[in-house]
Amino acid sequence: MLQIINLSFAVDNQEGTESKTILDKFNYSFERGKYYCITGPNGSGKTTLAKTIMGINTLSSGQIIFDGVDVTQHSITDRANAGIAYSFQNPARFKGLSFRQLLSIAAQTEDESTLLQIIARVGICSLDFLDKQVDSKLSGGEIKKIELATTIARNPKLAIYDEPDTGIDLWTIGPMINLLKKEQKDHQTTTIVVSHNKNFLEAADVILILKDGQFVYEGGIDGAMPMLTDLKSCEASDFCEGENDVRCFR
Amino acid sequence: MLDALDKDLLKAVAGLEKIPKGAYNIRKNGKLLGRQTSANINIETNEEGTGIVITIAPNTKNESVHIPVILSKAGLHDVVYNSFIVGENADVTIIAGCGIHCGGDEKEGHEGIHKFIIHPNARMTYIEKHYAFGSGKGKRTLNPTTQVVLKENAHAEMILEQIGGVDIAKRINEANLDDGASLLIKENVLTESNQIAESHNDIRLNGRDSSANLVARSVLKGDSKQDFIAVIEAHNKCYGHIECDAIIMDNATSDTIPSLKARHPEAELTHEASIGKIADDQLMKLMSLGLTYDEAVNRIIQGFLKAT
């Protein structure tokens, strides 16, 4: 249902002289109704890939085919209306928008009973969330729950969740995974979760390990764990000179 | 009594579909269109004949007064001096506002100088909306002034909105607060094309434990310009806060100058100010929920102006 063909994405270096390639001639086909978990070290291109599918990042070259339609040149809005939904890693905060209003935009209705049904369906947001302002006063966990609810309210064919567990308390992660699995089962939602969390990995039909802009593994949890343990040697390569540098104590 | 144009203007500035219940004073094109007093709220023309005096009896609860002004006569510049006396322990809402319809090329304008005395323990909510429309090219000017005296433990909440169509606006808000008094000003201004809006705020915290909170939101489009100047001067143990945020678009320009003057060692004064374009992450989020770019911008601006 989602084909990524020869996708490349590069960003300009700070000096502006050379560009840095994040994804290089990347190819993959996601199947309808499956739950994928994309993981990999920091800076490997996970969020870049997810944002490029949603149209937030503009690809350098390649094609994205969604439900048989070439959406490569489509705007974020057009992709959203075609059935792709995206749950941001760091959700936006607004001065003057409540959860009710955000949910109404997502669900395209202001009908109270419909909104309450969505909250019941999501489960992890309490009803008193509805009139909360989606502003800087919300905790990290609260805004992530709201983000998840607005994604599900879209009834997407393809739902992308970028690190959905950030800021979420431990006892909510289980219900959150159950929710994503239920959405997958009940609505045949193709689900892509970007996460480092083992619980999300274990729940996935397919684990994809991204490293240096390419999938280096596709399969189940058993095969993934040894590779992930190996990759753990340095998770801070963004900030220091990398795992092979003798000065790195991480 | 009210024609269709009058009704449109009244609806925009005072939320009125028809003549309101309770006390009201409606002024049209510089003349009295209608007045109604109530048992607790008296309205009379001042001695000079230049405005009205509204007297709210002590202990009046849950009553409101509507005093809208509408202008639809080219070339008219209407100036009024209104006084409001809110009695002890009263709790009232005053809905003012000016609507201008400009159909010609001559300028039209209104200047309202409103003086308030809020007596001890009284609470007042004051809502003032400004709106102008019409196909005429005449400049529409609105220059409102509010001067507020808050006695001991009195509270005022002032919601001041300029929602569109006004070419030139110069607002002056002045307030003096006694012991325990509190003031909340929420100001929302939207300007576009070549419009100019100035807002000068001068708040003096004289009383012990008095407090003032000034929250301003501005949206600037086109080539418009807004200046926002706010001064809180503290002369006692008190609390004051200024929060002014602006969303700036196109070629608009904004000067925002919050100023805190502490004249007492126990004064506690803070401010936060920001000017910037609409954040990309907000636009991306709303577009990912199916809104177009323009719809997302409008939604963010609407919310921002109502956030105060």
# chains A, B, ... in the order shown; residues from 1 in each chain; ligands from 1

$ residues_around --residues "range 29-43 of chain A" --least-positions-apart "3" --cutoff "6 Å" --atoms "only C-alpha atoms" --output "PyMOL selection string"
chain A and resi 1-3+188-196+201+204-211

$ write_last_selection --atoms "N, CA and C atoms" --output "short mmCIF file (atom, residue, chain, number, x, y, z; two decimals), in the first residue's frame"
data_model
loop_
_atom_site.label_atom_id
_atom_site.label_comp_id
_atom_site.auth_asym_id
_atom_site.auth_seq_id
_atom_site.Cartn_x
_atom_site.Cartn_y
_atom_site.Cartn_z
N MET A 1 0.83 -1.21 0.00
CA MET A 1 0.00 0.00 0.00
C MET A 1 0.86 1.26 0.00
N LEU A 2 2.09 1.13 0.43
CA LEU A 2 3.02 2.27 0.39
C LEU A 2 4.34 1.79 -0.19
N GLN A 3 4.66 2.36 -1.34
CA GLN A 3 5.93 1.98 -1.98
C GLN A 3 6.87 3.19 -1.99
N GLN A 188 -7.86 -2.30 9.86
CA GLN A 188 -6.82 -2.65 8.87
C GLN A 188 -5.84 -1.49 8.66
N THR A 189 -5.58 -0.77 9.75
CA THR A 189 -4.68 0.38 9.65
C THR A 189 -3.24 -0.11 9.49
N THR A 190 -2.61 0.34 8.42
CA THR A 190 -1.18 0.09 8.29
C THR A 190 -0.48 1.01 9.28
N THR A 191 0.33 0.42 10.15
CA THR A 191 0.88 1.20 11.26
C THR A 191 2.40 1.19 11.19
N ILE A 192 2.98 2.38 11.23
CA ILE A 192 4.45 2.49 11.29
C ILE A 192 4.79 3.23 12.58
N VAL A 193 5.51 2.55 13.46
CA VAL A 193 5.94 3.18 14.71
C VAL A 193 7.44 3.35 14.67
N VAL A 194 7.89 4.57 14.91
CA VAL A 194 9.33 4.82 15.07
C VAL A 194 9.60 4.80 16.56
N SER A 195 10.42 3.85 17.01
CA SER A 195 10.63 3.75 18.46
C SER A 195 11.91 3.01 18.81
N HIS A 196 12.41 3.32 20.00
CA HIS A 196 13.52 2.56 20.59
C HIS A 196 13.00 1.63 21.69
N LEU A 201 8.63 -2.70 19.87
CA LEU A 201 9.29 -3.64 18.95
C LEU A 201 8.66 -5.02 19.03
N ALA A 204 5.41 -5.56 17.18
CA ALA A 204 5.38 -5.35 15.73
C ALA A 204 5.31 -6.65 14.94
N ASP A 205 4.66 -6.58 13.77
CA ASP A 205 4.70 -7.70 12.83
C ASP A 205 6.07 -7.76 12.17
N VAL A 206 6.58 -6.57 11.87
CA VAL A 206 7.88 -6.49 11.19
C VAL A 206 8.73 -5.42 11.86
N ILE A 207 9.95 -5.78 12.21
CA ILE A 207 10.89 -4.78 12.74
C ILE A 207 11.85 -4.40 11.62
N LEU A 208 12.05 -3.11 11.47
CA LEU A 208 12.99 -2.62 10.45
C LEU A 208 14.07 -1.82 11.18
N ILE A 209 15.30 -2.22 10.99
CA ILE A 209 16.41 -1.47 11.61
C ILE A 209 17.04 -0.58 10.55
N LEU A 210 17.04 0.71 10.84
CA LEU A 210 17.58 1.69 9.91
C LEU A 210 18.96 2.12 10.39
N LYS A 211 19.91 2.05 9.51
CA LYS A 211 21.27 2.49 9.86
C LYS A 211 21.88 3.13 8.63
#

$ residues_around --residues "range 166-177 of chain A" --least-positions-apart "4" --cutoff "7 Å" --atoms "only C-alpha atoms" --output "MDAnalysis selection string"
chainID A and resid 140:141 181 200

$ select_by_dssp --residues "range 52-294 of chain B" --states "helix (DSSP H, G or I)" --output "list in words"
Asp280, Asp281, Gln282, Leu283, Met284, Lys285, Leu286, Met287, Ser288, Tyr293 and Asp294 of chain B

$ interface_residues --of "chain B" --to "chain A" --cutoff "7 Å" --atoms "only C-alpha atoms" --output "list in words"
Asp281, Gln282, Lys285, Met287, Ser288, Leu289, Gly290, Leu291, Thr292, Gly303, Phe304, Lys306 and Ala307 of chain B

$ write_last_selection --atoms "N, CA and C atoms" --output "PDB file, in the first residue's frame"
ATOM      1  N   ASP B 281       5.808  24.283  13.032  1.00  0.00           N
ATOM      2  CA  ASP B 281       5.263  23.028  13.569  1.00  0.00           C
ATOM      3  C   ASP B 281       3.753  23.113  13.775  1.00  0.00           C
ATOM      4  N   GLN B 282       3.248  24.324  14.054  1.00  0.00           N
ATOM      5  CA  GLN B 282       1.796  24.493  14.176  1.00  0.00           C
ATOM      6  C   GLN B 282       1.116  24.312  12.812  1.00  0.00           C
ATOM      7  N   LYS B 285       1.204  20.640  11.762  1.00  0.00           N
ATOM      8  CA  LYS B 285       0.248  19.818  12.512  1.00  0.00           C
ATOM      9  C   LYS B 285      -1.155  19.964  11.931  1.00  0.00           C
ATOM     10  N   MET B 287      -2.062  21.050   8.989  1.00  0.00           N
ATOM     11  CA  MET B 287      -2.133  20.516   7.620  1.00  0.00           C
ATOM     12  C   MET B 287      -2.167  18.988   7.649  1.00  0.00           C
ATOM     13  N   SER B 288      -1.471  18.395   8.615  1.00  0.00           N
ATOM     14  CA  SER B 288      -1.500  16.930   8.710  1.00  0.00           C
ATOM     15  C   SER B 288      -2.864  16.426   9.195  1.00  0.00           C
ATOM     16  N   LEU B 289      -3.693  17.367   9.675  1.00  0.00           N
ATOM     17  CA  LEU B 289      -5.070  16.998  10.037  1.00  0.00           C
ATOM     18  C   LEU B 289      -6.042  17.337   8.904  1.00  0.00           C
ATOM     19  N   GLY B 290      -5.510  17.726   7.762  1.00  0.00           N
ATOM     20  CA  GLY B 290      -6.353  17.903   6.576  1.00  0.00           C
ATOM     21  C   GLY B 290      -6.657  19.338   6.196  1.00  0.00           C
ATOM     22  N   LEU B 291      -6.195  20.326   6.983  1.00  0.00           N
ATOM     23  CA  LEU B 291      -6.454  21.714   6.607  1.00  0.00           C
ATOM     24  C   LEU B 291      -5.463  22.158   5.527  1.00  0.00           C
ATOM     25  N   THR B 292      -5.912  23.064   4.663  1.00  0.00           N
ATOM     26  CA  THR B 292      -4.982  23.652   3.702  1.00  0.00           C
ATOM     27  C   THR B 292      -4.089  24.642   4.445  1.00  0.00           C
ATOM     28  N   GLY B 303      -7.420  31.420  16.920  1.00  0.00           N
ATOM     29  CA  GLY B 303      -7.162  30.913  18.271  1.00  0.00           C
ATOM     30  C   GLY B 303      -6.272  31.849  19.061  1.00  0.00           C
ATOM     31  N   PHE B 304      -5.248  32.336  18.403  1.00  0.00           N
ATOM     32  CA  PHE B 304      -4.272  33.224  19.046  1.00  0.00           C
ATOM     33  C   PHE B 304      -4.956  34.483  19.595  1.00  0.00           C
ATOM     34  N   LYS B 306      -8.003  34.796  20.413  1.00  0.00           N
ATOM     35  CA  LYS B 306      -8.962  34.469  21.475  1.00  0.00           C
ATOM     36  C   LYS B 306      -8.281  33.897  22.700  1.00  0.00           C
ATOM     37  N   ALA B 307      -6.970  33.730  22.626  1.00  0.00           N
ATOM     38  CA  ALA B 307      -6.268  33.034  23.707  1.00  0.00           C
ATOM     39  C   ALA B 307      -6.102  33.871  24.959  1.00  0.00           C
TER      40      ALA B 307
END

$ residues_around --residues "Leu179 in chain A" --least-positions-apart "5" --cutoff "9 Å" --atoms "only C-alpha atoms" --output "JSON list (two decimals) with N, CA and C atoms, in the first residue's frame"
[["chain", "number", "residue", "atom", "x", "y", "z"],
["A", 121, "ARG", "N", -12.68, 5.51, 22.37],
["A", 121, "ARG", "CA", -11.95, 4.57, 21.50],
["A", 121, "ARG", "C", -10.45, 4.63, 21.79],
["A", 122, "VAL", "N", -9.95, 5.83, 22.01],
["A", 122, "VAL", "CA", -8.51, 6.00, 22.29],
["A", 122, "VAL", "C", -8.18, 5.48, 23.69],
["A", 123, "GLY", "N", -9.08, 5.75, 24.62],
["A", 123, "GLY", "CA", -8.95, 5.15, 25.95],
["A", 123, "GLY", "C", -7.98, 5.84, 26.89],
["A", 124, "ILE", "N", -6.83, 6.25, 26.40],
["A", 124, "ILE", "CA", -5.81, 6.75, 27.32],
["A", 124, "ILE", "C", -5.97, 8.24, 27.66],
["A", 174, "GLY", "N", 1.64, 0.06, 27.83],
["A", 174, "GLY", "CA", 0.90, -1.17, 27.50],
["A", 174, "GLY", "C", -0.43, -0.87, 26.82],
["A", 184, "GLN", "N", -5.17, -1.49, 14.30],
["A", 184, "GLN", "CA", -4.64, -2.27, 13.18],
["A", 184, "GLN", "C", -5.62, -3.39, 12.81]]

$ atom_distance --atom1 "CA of Ala216 in chain B" --atom2 "CA of Glu272 in chain B"
10.5 Å
